[in-house]
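Colleague: Got a structure for you, protein33.txt, holding compact mmCIF, C-alpha atoms and all ligand atoms.
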# COMPACT_ATOMS: atom_id res chain seq x y z
CA MET X 107 26.57 139.30 260.37
CA SER X 108 23.06 137.94 260.53
CA VAL X 109 22.06 135.61 263.36
CA LYS X 110 21.69 132.83 260.76
CA GLU X 111 25.27 133.37 259.53
CA LEU X 112 26.51 133.53 263.12
CA PHE X 113 24.94 130.14 263.93
CA ARG X 114 26.41 128.63 260.73
CA CYS X 115 29.81 129.96 261.81
CA ILE X 116 29.47 128.53 265.32
CA GLY X 117 28.40 125.20 263.76
CA ARG X 118 31.47 125.12 261.53
CA THR X 119 33.74 125.90 264.43
CA GLU X 120 32.16 123.05 266.41
CA ASP X 121 32.63 120.71 263.42
CA GLU X 122 36.22 121.81 263.04
CA LYS X 123 36.81 121.32 266.75
CA ARG X 124 35.34 117.84 266.57
CA ASP X 125 37.37 116.98 263.45
CA LYS X 126 40.50 118.19 265.16
CA MET X 127 39.74 116.11 268.21
CA ILE X 128 39.04 112.99 266.13
CA SER X 129 42.24 113.44 264.15
CA LYS X 130 44.18 113.92 267.41
CA GLN X 131 42.68 110.73 268.81
CA LEU X 132 43.40 108.83 265.60
CA LYS X 133 47.01 110.01 265.69
CA LYS X 134 47.25 108.96 269.33
CA ALA X 135 45.74 105.56 268.57
CA ASP X 136 48.05 105.17 265.58
CA LYS X 137 51.02 106.06 267.77
CA ARG X 138 49.84 103.57 270.39
CA GLU X 139 49.32 100.90 267.70
CA LYS X 140 52.76 101.59 266.27
CA SER X 141 54.32 101.45 269.70
CA ILE X 142 52.99 97.92 270.36
CA ILE X 143 55.77 95.40 270.10
CA LYS X 144 54.28 92.34 268.45
CA ILE X 145 56.48 89.28 268.90
CA LEU X 146 55.81 85.97 267.18
CA LEU X 147 57.34 82.84 268.65
CA LEU X 148 58.13 80.44 265.83
CA GLY X 149 60.05 77.18 265.57
CA ILE X 150 59.34 73.48 265.07
CA ALA X 151 57.38 71.50 267.69
CA GLU X 152 58.97 71.00 271.12
CA SER X 153 61.66 73.61 270.58
CA GLY X 154 60.57 75.56 273.68
CA LYS X 155 58.19 78.29 272.42
CA SER X 156 55.49 77.78 275.05
CA THR X 157 58.12 77.56 277.79
CA ILE X 158 59.45 81.01 276.80
CA THR X 159 55.86 82.33 276.96
CA LYS X 160 55.52 80.86 280.45
CA GLN X 161 58.75 82.60 281.47
CA MET X 162 57.39 85.93 280.19
CA LYS X 163 54.32 85.40 282.38
CA ILE X 164 56.57 84.69 285.38
CA ILE X 165 58.96 87.58 284.70
CA HIS X 166 56.64 90.29 283.37
CA ILE X 167 53.16 89.44 284.59
CA ASN X 168 52.49 88.02 288.03
CA GLY X 169 53.48 84.40 287.60
CA TYR X 170 51.10 81.55 288.39
CA SER X 171 48.34 81.73 290.99
CA GLU X 172 47.60 78.74 293.18
CA GLU X 173 44.57 77.96 291.02
CA GLU X 174 46.60 78.11 287.79
CA ARG X 175 49.26 75.87 289.30
CA ARG X 176 46.59 73.36 290.33
CA GLN X 177 45.27 73.32 286.75
CA ASN X 178 48.62 71.82 285.66
CA VAL X 179 48.43 68.76 287.96
CA LEU X 180 46.66 66.55 285.44
CA TRP X 181 48.99 67.56 282.60
CA ILE X 182 52.03 66.72 284.73
CA ARG X 183 50.65 63.31 285.69
CA LYS X 184 49.92 62.70 282.01
CA ASN X 185 53.56 63.68 281.18
CA LEU X 186 54.67 61.11 283.78
CA ARG X 187 52.48 58.38 282.30
CA ASP X 188 53.52 59.19 278.69
CA SER X 189 57.19 59.11 279.72
CA ILE X 190 57.16 55.66 281.34
CA LEU X 191 54.95 54.17 278.59
CA THR X 192 57.26 55.54 275.86
CA ILE X 193 60.33 54.07 277.58
CA LEU X 194 58.67 50.68 278.09
CA GLY X 195 57.53 50.63 274.45
CA ALA X 196 61.05 51.51 273.28
CA MET X 197 62.53 48.71 275.42
CA LYS X 198 60.55 46.20 273.40
CA ARG X 199 61.58 47.74 270.07
CA LEU X 200 65.25 48.14 271.01
CA ASP X 201 65.27 44.76 272.70
CA ILE X 202 66.47 46.06 276.07
CA LYS X 203 65.69 43.74 278.98
CA LEU X 204 64.62 44.67 282.49
CA GLU X 205 67.45 44.01 284.92
CA ASP X 206 65.01 42.75 287.54
CA GLU X 207 62.78 40.16 285.84
CA LYS X 208 60.21 40.42 288.62
CA LEU X 209 59.34 43.88 287.29
CA GLU X 210 57.87 42.30 284.16
CA GLU X 211 54.56 42.34 286.03
CA SER X 212 54.84 46.11 286.60
CA SER X 213 55.65 46.66 282.94
CA ASN X 214 52.67 44.57 281.82
CA TYR X 215 50.37 46.40 284.21
CA LEU X 216 51.34 49.81 282.76
CA LEU X 217 51.31 48.65 279.13
CA THR X 218 47.86 47.11 279.43
CA LYS X 219 46.01 49.07 282.12
CA CYS X 220 47.32 52.61 281.62
CA ILE X 221 47.24 53.15 277.88
CA GLU X 222 44.04 55.21 277.96
CA ASP X 223 44.05 58.90 278.90
CA SER X 224 42.81 59.19 282.43
CA SER X 225 42.17 61.74 285.10
CA GLU X 226 42.65 59.15 287.84
CA TYR X 227 45.95 57.51 288.61
CA PRO X 228 45.69 54.78 291.27
CA ASP X 229 48.45 54.00 293.78
CA GLU X 230 49.50 50.94 291.76
CA PHE X 231 50.35 53.19 288.83
CA TYR X 232 52.80 55.20 290.95
CA ASP X 233 54.21 52.08 292.69
CA HIS X 234 54.89 50.25 289.41
CA THR X 235 56.32 53.38 287.73
CA SER X 236 58.54 54.10 290.69
CA ASN X 237 59.89 50.52 290.80
CA LEU X 238 60.57 50.49 287.08
CA TRP X 239 62.33 53.88 287.15
CA SER X 240 64.95 52.43 289.49
CA ASP X 241 65.67 49.46 287.20
CA LYS X 242 69.00 49.55 285.34
CA GLY X 243 67.42 48.25 282.11
CA VAL X 244 64.88 51.10 282.12
CA LEU X 245 67.67 53.58 282.75
CA LYS X 246 69.69 52.13 279.89
CA CYS X 247 66.73 52.61 277.56
CA TYR X 248 66.22 56.17 278.84
CA LYS X 249 69.84 56.94 277.92
CA ARG X 250 69.18 55.81 274.37
CA SER X 251 66.23 58.21 273.99
CA ALA X 252 67.74 59.79 270.86
CA GLU X 253 66.65 56.61 269.07
CA TYR X 254 62.96 57.17 269.80
CA GLN X 255 60.67 60.07 270.73
CA LEU X 256 60.68 60.85 274.43
CA ILE X 257 59.44 64.14 275.90
CA ASP X 258 62.22 66.26 277.40
CA CYS X 259 60.70 66.42 280.85
CA ALA X 260 60.64 62.61 281.32
CA LYS X 261 63.53 62.42 283.78
CA TYR X 262 62.49 65.59 285.60
CA PHE X 263 59.03 64.20 286.43
CA LEU X 264 60.06 60.55 286.90
CA ASP X 265 62.54 61.73 289.53
CA LYS X 266 59.66 63.47 291.32
CA ILE X 267 57.08 60.64 291.42
CA HIS X 268 56.99 60.67 295.23
CA VAL X 269 55.87 64.32 295.16
CA ILE X 270 53.58 64.17 292.12
CA ARG X 271 51.62 61.22 293.50
CA ARG X 272 50.58 63.07 296.66
CA GLU X 273 46.90 64.01 296.82
CA ASP X 274 47.74 67.57 297.85
CA TYR X 275 50.41 67.98 295.14
CA LEU X 276 50.64 71.60 293.99
CA PRO X 277 53.09 72.14 291.09
CA THR X 278 55.92 74.63 291.53
CA GLU X 279 56.82 77.16 288.83
CA GLN X 280 59.69 74.87 287.80
CA ASP X 281 57.21 71.98 287.37
CA ILE X 282 55.03 74.19 285.16
CA LEU X 283 58.03 75.21 283.06
CA HIS X 284 58.92 71.55 282.52
CA CYS X 285 55.36 70.45 281.76
CA ARG X 286 54.81 69.58 278.11
CA THR X 287 51.41 70.60 276.74
CA LEU X 288 50.40 70.59 273.11
CA THR X 289 49.79 74.02 271.54
CA ASN X 290 47.19 73.89 268.78
CA THR X 291 45.60 77.32 269.11
CA ILE X 292 47.32 80.68 268.88
CA GLN X 293 47.98 81.88 272.43
CA LYS X 294 48.54 85.55 273.21
CA ILE X 295 50.02 87.21 276.27
CA GLU X 296 50.27 90.96 276.86
CA PHE X 297 52.39 93.02 279.22
CA THR X 298 53.85 96.50 279.47
CA ILE X 299 57.43 97.55 279.97
CA THR X 300 58.49 101.04 281.03
CA GLU X 301 61.49 102.40 279.16
CA ASN X 302 62.69 106.01 279.38
CA LYS X 303 59.40 106.76 281.24
CA PHE X 304 57.38 105.48 278.24
CA LYS X 305 55.07 102.55 278.69
CA ILE X 306 55.64 100.11 275.85
CA PRO X 307 53.06 97.39 275.32
CA PHE X 308 54.27 93.92 274.30
CA HIS X 309 51.98 91.39 272.61
CA VAL X 310 53.50 87.94 272.35
CA PHE X 311 51.96 85.19 270.20
CA ASP X 312 52.71 81.51 270.78
CA VAL X 313 51.75 79.13 268.00
CA GLY X 314 51.85 75.38 267.37
CA GLY X 315 55.02 74.11 265.71
CA GLN X 316 53.81 70.79 264.25
CA ARG X 317 53.83 70.60 260.47
CA GLY X 318 50.03 70.93 260.24
CA GLU X 319 50.03 74.00 262.51
CA ARG X 320 52.62 75.95 260.48
CA LYS X 321 50.00 76.87 257.85
CA LYS X 322 48.45 79.17 260.46
CA TRP X 323 51.64 81.19 260.95
CA ILE X 324 51.19 83.43 257.90
CA GLN X 325 48.03 85.08 259.29
CA MET X 326 50.18 86.37 262.14
CA PHE X 327 52.91 87.97 260.01
CA ASP X 328 51.04 91.22 259.44
CA SER X 329 52.50 94.04 261.57
CA ALA X 330 54.93 91.75 263.43
CA THR X 331 57.75 93.67 265.10
CA ALA X 332 60.05 90.73 265.61
CA ILE X 333 60.20 86.98 265.23
CA LEU X 334 61.59 84.99 268.09
CA PHE X 335 62.75 81.81 266.41
CA VAL X 336 63.27 79.03 268.93
CA LEU X 337 65.60 76.19 268.04
CA ASP X 338 66.22 73.01 270.05
CA SER X 339 70.01 72.62 269.98
CA SER X 340 69.99 69.27 271.79
CA THR X 341 68.12 67.11 269.28
CA PHE X 342 70.52 67.19 266.35
CA ASP X 343 70.52 63.39 266.58
CA VAL X 344 66.73 62.92 266.85
CA ASN X 345 64.13 62.56 264.13
CA VAL X 346 60.89 64.53 263.86
CA ARG X 347 58.00 62.90 265.72
CA ASP X 348 55.99 60.67 263.35
CA ASP X 349 58.62 60.99 260.60
CA PHE X 350 61.49 58.61 261.00
CA GLU X 351 63.24 59.96 257.92
CA SER X 352 63.59 63.57 258.95
CA ASN X 353 66.20 64.92 261.36
CA ARG X 354 65.00 67.67 263.72
CA LEU X 355 67.94 70.04 263.22
CA LEU X 356 67.63 69.78 259.44
CA GLU X 357 63.89 70.37 259.67
CA ALA X 358 64.46 73.47 261.83
CA THR X 359 67.07 74.73 259.34
CA GLY X 360 64.51 74.51 256.52
CA VAL X 361 61.80 76.29 258.53
CA PHE X 362 64.25 79.01 259.57
CA GLU X 363 65.36 79.60 255.97
CA HIS X 364 61.73 79.84 254.89
CA ILE X 365 60.96 82.45 257.55
CA TRP X 366 64.15 84.42 256.83
CA ASN X 367 63.35 84.60 253.11
CA CYS X 368 59.61 85.24 253.50
CA ARG X 369 58.80 88.42 251.61
CA PHE X 370 56.12 89.41 254.19
CA LEU X 371 58.84 89.50 256.83
CA LYS X 372 61.53 91.33 254.90
CA ASP X 373 61.69 94.19 257.41
CA VAL X 374 61.12 92.05 260.52
CA SER X 375 64.19 91.18 262.55
CA ILE X 376 64.73 87.66 263.82
CA LEU X 377 65.97 86.86 267.29
CA LEU X 378 67.31 83.34 267.20
CA PHE X 379 67.09 81.46 270.51
CA ILE X 380 69.47 78.50 270.39
CA ASN X 381 67.62 76.72 273.17
CA LYS X 382 68.04 73.73 275.51
CA ILE X 383 71.74 74.34 276.01
CA ASP X 384 71.48 72.43 279.32
CA LEU X 385 70.43 69.30 277.43
CA LEU X 386 73.07 69.91 274.77
CA VAL X 387 75.75 69.97 277.48
CA GLU X 388 74.34 66.82 279.08
CA LYS X 389 74.23 64.97 275.75
CA ILE X 390 77.73 65.83 274.56
CA MET X 391 79.32 65.38 277.99
CA SER X 392 77.80 61.88 278.28
CA GLY X 393 79.50 61.03 274.97
CA SER X 394 76.27 59.59 273.58
CA SER X 395 76.26 61.65 270.39
CA SER X 396 78.22 64.07 268.25
CA ILE X 397 77.79 66.33 265.25
CA GLU X 398 80.14 64.04 263.35
CA SER X 399 77.64 61.18 263.64
CA LEU X 400 74.86 63.51 262.44
CA LEU X 401 76.86 64.32 259.33
CA LYS X 402 77.35 60.65 258.64
CA THR X 403 73.58 60.10 258.57
CA VAL X 404 72.68 63.04 256.28
CA PRO X 405 72.50 61.85 252.66
CA THR X 406 74.95 63.73 250.43
CA SER X 407 72.00 64.54 248.14
CA HIS X 408 70.22 66.43 250.94
CA LYS X 409 69.62 70.14 250.28
CA TYR X 410 71.58 71.13 253.39
CA TYR X 411 74.42 68.61 253.10
CA PRO X 412 76.83 71.14 251.49
CA LEU X 413 76.04 73.74 254.17
CA TYR X 414 76.53 71.29 257.04
CA GLU X 415 79.70 69.90 255.48
CA LYS X 416 81.11 73.41 254.98
CA MET X 417 80.43 74.29 258.63
CA TYR X 418 81.87 70.99 259.82
CA LYS X 419 85.13 71.64 258.00
CA SER X 420 85.76 74.56 260.36
CA PHE X 421 84.52 72.66 263.45
CA ASN X 422 87.89 72.93 265.21
CA ASP X 423 88.39 76.51 264.26
CA ILE X 424 86.35 78.74 266.54
CA THR X 425 87.13 82.29 267.62
CA ASP X 426 87.72 83.48 271.20
CA GLY X 427 84.62 85.67 270.82
CA GLU X 428 82.42 82.70 269.87
CA ARG X 429 83.79 80.64 272.76
CA LYS X 430 83.31 83.44 275.30
CA TYR X 431 79.75 84.16 274.18
CA PHE X 432 78.71 80.53 274.72
CA VAL X 433 80.56 80.11 278.02
CA ASP X 434 79.12 83.40 279.35
CA SER X 435 75.59 82.38 278.32
CA LEU X 436 76.02 79.05 280.08
CA SER X 437 77.29 80.74 283.23
CA MET X 438 73.92 82.56 283.44
CA CYS X 439 72.15 79.19 283.77
CA LYS X 440 71.26 78.07 287.25
CA THR X 441 70.05 74.73 285.87
CA THR X 442 73.53 73.57 284.90
CA THR X 443 75.23 74.57 288.16
CA LYS X 444 76.34 71.93 290.65
CA THR X 445 76.43 72.27 294.41
CA ILE X 446 79.74 71.30 296.02
CA ILE X 447 80.87 71.26 299.63
CA THR X 448 83.95 73.43 300.17
CA LYS X 449 86.87 72.45 302.41
CA LYS X 450 85.30 74.57 305.14
CA GLY X 451 82.13 72.48 304.86
CA LYS X 452 80.08 75.19 303.15
CA LYS X 453 77.75 74.62 300.18
CA GLN X 454 78.83 76.41 297.02
CA CYS X 455 77.25 76.56 293.54
CA ILE X 456 79.69 76.18 290.70
CA GLN X 457 79.32 75.98 286.94
CA PRO X 458 81.13 72.79 285.90
CA LYS X 459 83.65 73.21 283.09
CA VAL X 460 82.31 71.97 279.79
CA SER X 461 84.38 70.12 277.17
CA GLU X 462 85.70 71.70 273.98
CA GLU X 463 83.33 69.42 272.07
CA VAL X 464 80.30 71.09 273.72
CA ILE X 465 81.50 74.58 272.80
CA LYS X 466 82.35 73.58 269.25
CA THR X 467 78.94 71.94 268.78
CA ALA X 468 77.12 75.04 270.05
CA VAL X 469 79.20 77.19 267.67
CA PHE X 470 78.59 74.79 264.78
CA ILE X 471 74.80 75.02 265.23
CA LYS X 472 74.96 78.81 265.51
CA ARG X 473 77.09 79.05 262.35
CA VAL X 474 74.66 76.93 260.30
CA PHE X 475 71.78 79.30 261.05
CA MET X 476 73.79 82.52 260.85
CA GLU X 477 75.21 81.41 257.49
CA ILE X 478 71.65 81.33 256.18
CA ALA X 479 70.95 84.73 257.72
CA VAL X 480 73.97 86.43 256.16
CA SER X 481 73.51 84.99 252.68
CA SER X 482 72.09 87.63 250.37
CA LYS X 483 69.07 87.10 248.20
CA LYS X 484 67.99 89.42 245.43
CA THR X 485 64.37 90.15 244.52
CA LYS X 486 63.19 90.06 240.89
CA THR X 487 63.93 93.78 240.63
CA GLY X 488 67.48 93.25 241.88
CA ARG X 489 66.97 94.66 245.40
CA ASP X 490 68.59 92.92 248.37
CA LEU X 491 65.72 91.16 250.15
CA HIS X 492 67.50 91.37 253.49
CA LYS X 493 68.47 95.04 253.47
CA ASP X 494 65.93 95.99 256.15
CA HIS X 495 66.26 93.22 258.72
CA ASP X 496 68.85 91.27 260.59
CA CYS X 497 69.25 88.24 262.82
CA GLN X 498 70.78 88.15 266.29
CA TYR X 499 71.32 84.99 268.28
CA PHE X 500 71.20 84.04 271.96
CA TYR X 501 72.03 80.76 273.70
CA THR X 502 69.15 79.92 276.02
CA CYS X 503 67.80 77.46 278.54
CA ALA X 504 64.06 78.11 278.54
CA VAL X 505 63.38 76.29 281.82
CA ASP X 506 65.90 78.52 283.62
CA THR X 507 64.27 81.76 284.80
CA LYS X 508 67.62 83.42 285.59
CA ASN X 509 68.96 82.76 282.09
CA ILE X 510 65.76 83.85 280.33
CA GLU X 511 65.48 86.98 282.46
CA LYS X 512 68.96 88.06 281.29
CA VAL X 513 68.31 87.14 277.65
CA LEU X 514 64.96 88.94 277.64
CA GLU X 515 66.63 92.06 279.03
CA GLY X 516 68.84 92.11 275.92
CA VAL X 517 65.91 91.41 273.61
CA ARG X 518 63.79 94.09 275.27
CA SER X 519 66.46 96.71 274.94
CA ILE X 520 66.86 96.00 271.18
CA LEU X 521 63.11 96.05 270.60
CA THR X 522 62.14 99.03 272.75
CA LYS X 523 64.84 101.19 271.14
CA ASN X 524 63.44 100.28 267.71
CA ALA X 525 59.88 100.97 268.85
CA LEU X 526 60.71 104.36 270.38
CA ARG X 527 62.61 105.30 267.24
CA LYS X 528 59.59 104.34 265.13
CA ILE X 529 57.29 106.71 267.01
CA CYS X 530 60.01 109.38 266.98
CA ILE X 531 60.63 109.50 270.73
CA ILE X 532 64.37 108.88 270.51
N1 LIG X 601 65.74 70.94 279.90
C1 LIG X 601 65.13 71.81 279.10
N2 LIG X 601 63.86 71.57 278.72
C2 LIG X 601 63.27 72.48 277.92
C3 LIG X 601 63.92 73.67 277.49
N3 LIG X 601 63.04 74.37 276.72
C4 LIG X 601 61.90 73.66 276.70
N4 LIG X 601 62.03 72.52 277.41
C5 LIG X 601 61.03 71.44 277.58
O1 LIG X 601 60.74 70.93 276.28
C6 LIG X 601 59.36 70.54 276.21
C7 LIG X 601 58.74 71.22 275.01
O2 LIG X 601 58.72 72.62 275.23
P1 LIG X 601 57.52 73.54 274.70
O3 LIG X 601 57.76 74.91 275.23
O4 LIG X 601 56.20 72.92 274.99
O5 LIG X 601 57.80 73.49 273.12
P2 LIG X 601 56.96 74.13 271.93
O6 LIG X 601 56.31 72.99 271.23
O7 LIG X 601 57.97 74.80 271.06
O8 LIG X 601 55.98 75.10 272.51
C8 LIG X 601 58.74 70.93 277.55
O9 LIG X 601 58.67 69.78 278.35
C9 LIG X 601 59.71 71.94 278.14
O10 LIG X 601 59.73 71.92 279.53
C10 LIG X 601 65.27 73.89 277.91
O11 LIG X 601 65.93 74.87 277.56
N5 LIG X 601 65.83 72.92 278.71
MG MG X 602 53.87 75.07 272.37
Could you write out this file's structure as structure tokens?
Modeller:
Amino acid sequence: MSVKELFRCIGRTEDEKRDKMISKQLKKADKREKSIIKILLLGIAESGKSTITKQMKIIHINGYSEEERRQNVLWIRKNLRDSILTILGAMKRLDIKLEDEKLEESSNYLLTKCIEDSSEYPDEFYDHTSNLWSDKGVLKCYKRSAEYQLIDCAKYFLDKIHVIRREDYLPTEQDILHCRTLTNTIQKIEFTITENKFKIPFHVFDVGGQRGERKKWIQMFDSATAILFVLDSSTFDVNVRDDFESNRLLEATGVFEHIWNCRFLKDVSILLFINKIDLLVEKIMSGSSSIESLLKTVPTSHKYYPLYEKMYKSFNDITDGERKYFVDSLSMCKTTTKTIITKKGKKQCIQPKVSEEVIKTAVFIKRVFMEIAVSSKKTKTGRDLHKDHDCQYFYTCAVDTKNIEKVLEGVRSILTKNALRKICII
């Protein structure tokens, strides 16, 4: 072999070595890419998507630093202001009077001086709000909040005015979980979970749920591993914000059906979070609303009337399994527990018994959505569109870290098994 040939040979070997290395790296990158679990949080506005993202940060990343907690102060004070202004506005519309007439001055102050967004809240603001919040008329209007649009955290923050008003107020994690902020950009959080000694990366995307924001969802569908569809179970008697014609549960049903039948998601499983079960319990137990009254307000010509009517016909007929699943999920919620003093004078946390009506309502809502998810749909070529994906449901309370921790454990185990199977590890 001539020296020239020898050099050519060495060159080829180097090229081959490099090619081999590149292909190895590409395979590794592909494996890593495939192993990423990409979760999209979808659902209509105010269903609890951002709260679930916050819980993931608390459970899987390192929670909220002092600085991050401080950044929420202004949002919380704004939540407080929005809450009292909404209630006072609704009192006028619903013609509910203040019990203490002297508080008219407080109401006028807030309705005239505090309507602009502000970063400063003077002492008078807190004094007037605090006085009004203890008025029976204001409370009566708060209890009728299904008839107007009030943020869910209203009571939580109004009960804490004395803390929130302090100059050195630093929100707790619970305060952050209750804080309502508007999501109008796509937010992403990343964390890693170790399963069978393999590090599995999770990328979670939180999007806006308002009608205008839903157009942006489709760009996220590519390479999604799972959809986490969040549904507010407590507002079956409330209309969509800015649309007094449209019921929130019906709107969520339509969005869910659209996602389930979307051809870009035909092999993406859906995890349905039937959320805000704490508020559902509170609403039904107070006797202020029922599924029966919802059915009475849905026009018989509505697309989903037959589905709702069919599910309502079996309202009293629930299985032991369905009952147990709801009761067990509720027992994981710290939020709904009550503290009692035992005969021996000790404090004890108990989960109060819920009425049959609560359980049946939770089962009714689950059945509506699962009915959509089990119905088959054929493509033009006659294939079953839903052959490669399924839907599993969980009852959740997104503001309850204990409940979400347990639910996410279940979700994680489903998803990591799928991911490891995909990259041929198990
Ligand atoms: N009580 C209660 N409040 C909740 C629950 N989930 C969410 N919220 C509150 O509902 C409001 C809207 O939640 P958010 O996560 O912003 O909804 P998103 O629009 O879907 O992102 C916030 O004030 C949350 O604290 C829940 O399970 N129980
Ligand atoms: Mg959000």
Colleague: Near Asp241 in chain X, counting all atoms listed in the file, which residues have an atom at most 8 Å away, once you skip same-chain residues fewer than 3 positions from it, shown as an mmCIF file with C-alpha atoms, in the frame of the given file?
Modeller:
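Generated file (result-v6.cif):
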data_model
loop_
_atom_site.group_PDB
_atom_site.id
_atom_site.type_symbol
_atom_site.label_atom_id
_atom_site.label_comp_id
_atom_site.auth_asym_id
_atom_site.auth_seq_id
_atom_site.Cartn_x
_atom_site.Cartn_y
_atom_site.Cartn_z
ATOM 1 C CA LEU X 204 64.620 44.670 282.490
ATOM 2 C CA GLU X 205 67.450 44.010 284.920
ATOM 3 C CA ASP X 206 65.010 42.750 287.540
ATOM 4 C CA ASN X 237 59.890 50.520 290.800
ATOM 5 C CA LEU X 238 60.570 50.490 287.080
ATOM 6 C CA VAL X 244 64.880 51.100 282.120
ATOM 7 C CA LEU X 245 67.670 53.580 282.750
#
Colleague: From the options X:Gly243, X:Pro277, X:Gly195, X:Gly315, which residue's atoms come nearest to ligand MG 602 (chain X), counting only C-alpha atoms and all ligand atoms?
Modeller: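 Closest residue, counting only C-alpha atoms and all ligand atoms: X:Gly315.
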Colleague: Report as a ChimeraX atom specification which protein, DNA and RNA residues come within 6 Å of ligand MG 602 (chain X), using all atoms listed in the file.
Modeller: /X:155-156,288-289,314
Colleague: For ligand LIG 601 (chain X), which of X:Ala332, X:Ile510, X:Val404, X:Ile221 is the closest residue, counting only C-alpha atoms and all ligand atoms?
Modeller: X:Ile510
Colleague: Find the residues near ligand LIG 601 (chain X). Use a cut-off of 6 Å, count all atoms listed in the file, and write them as a PyMOL selection string.
Modeller: chain X and resi 151-157+258-259+283-287+315+381-382+384-385+503-505
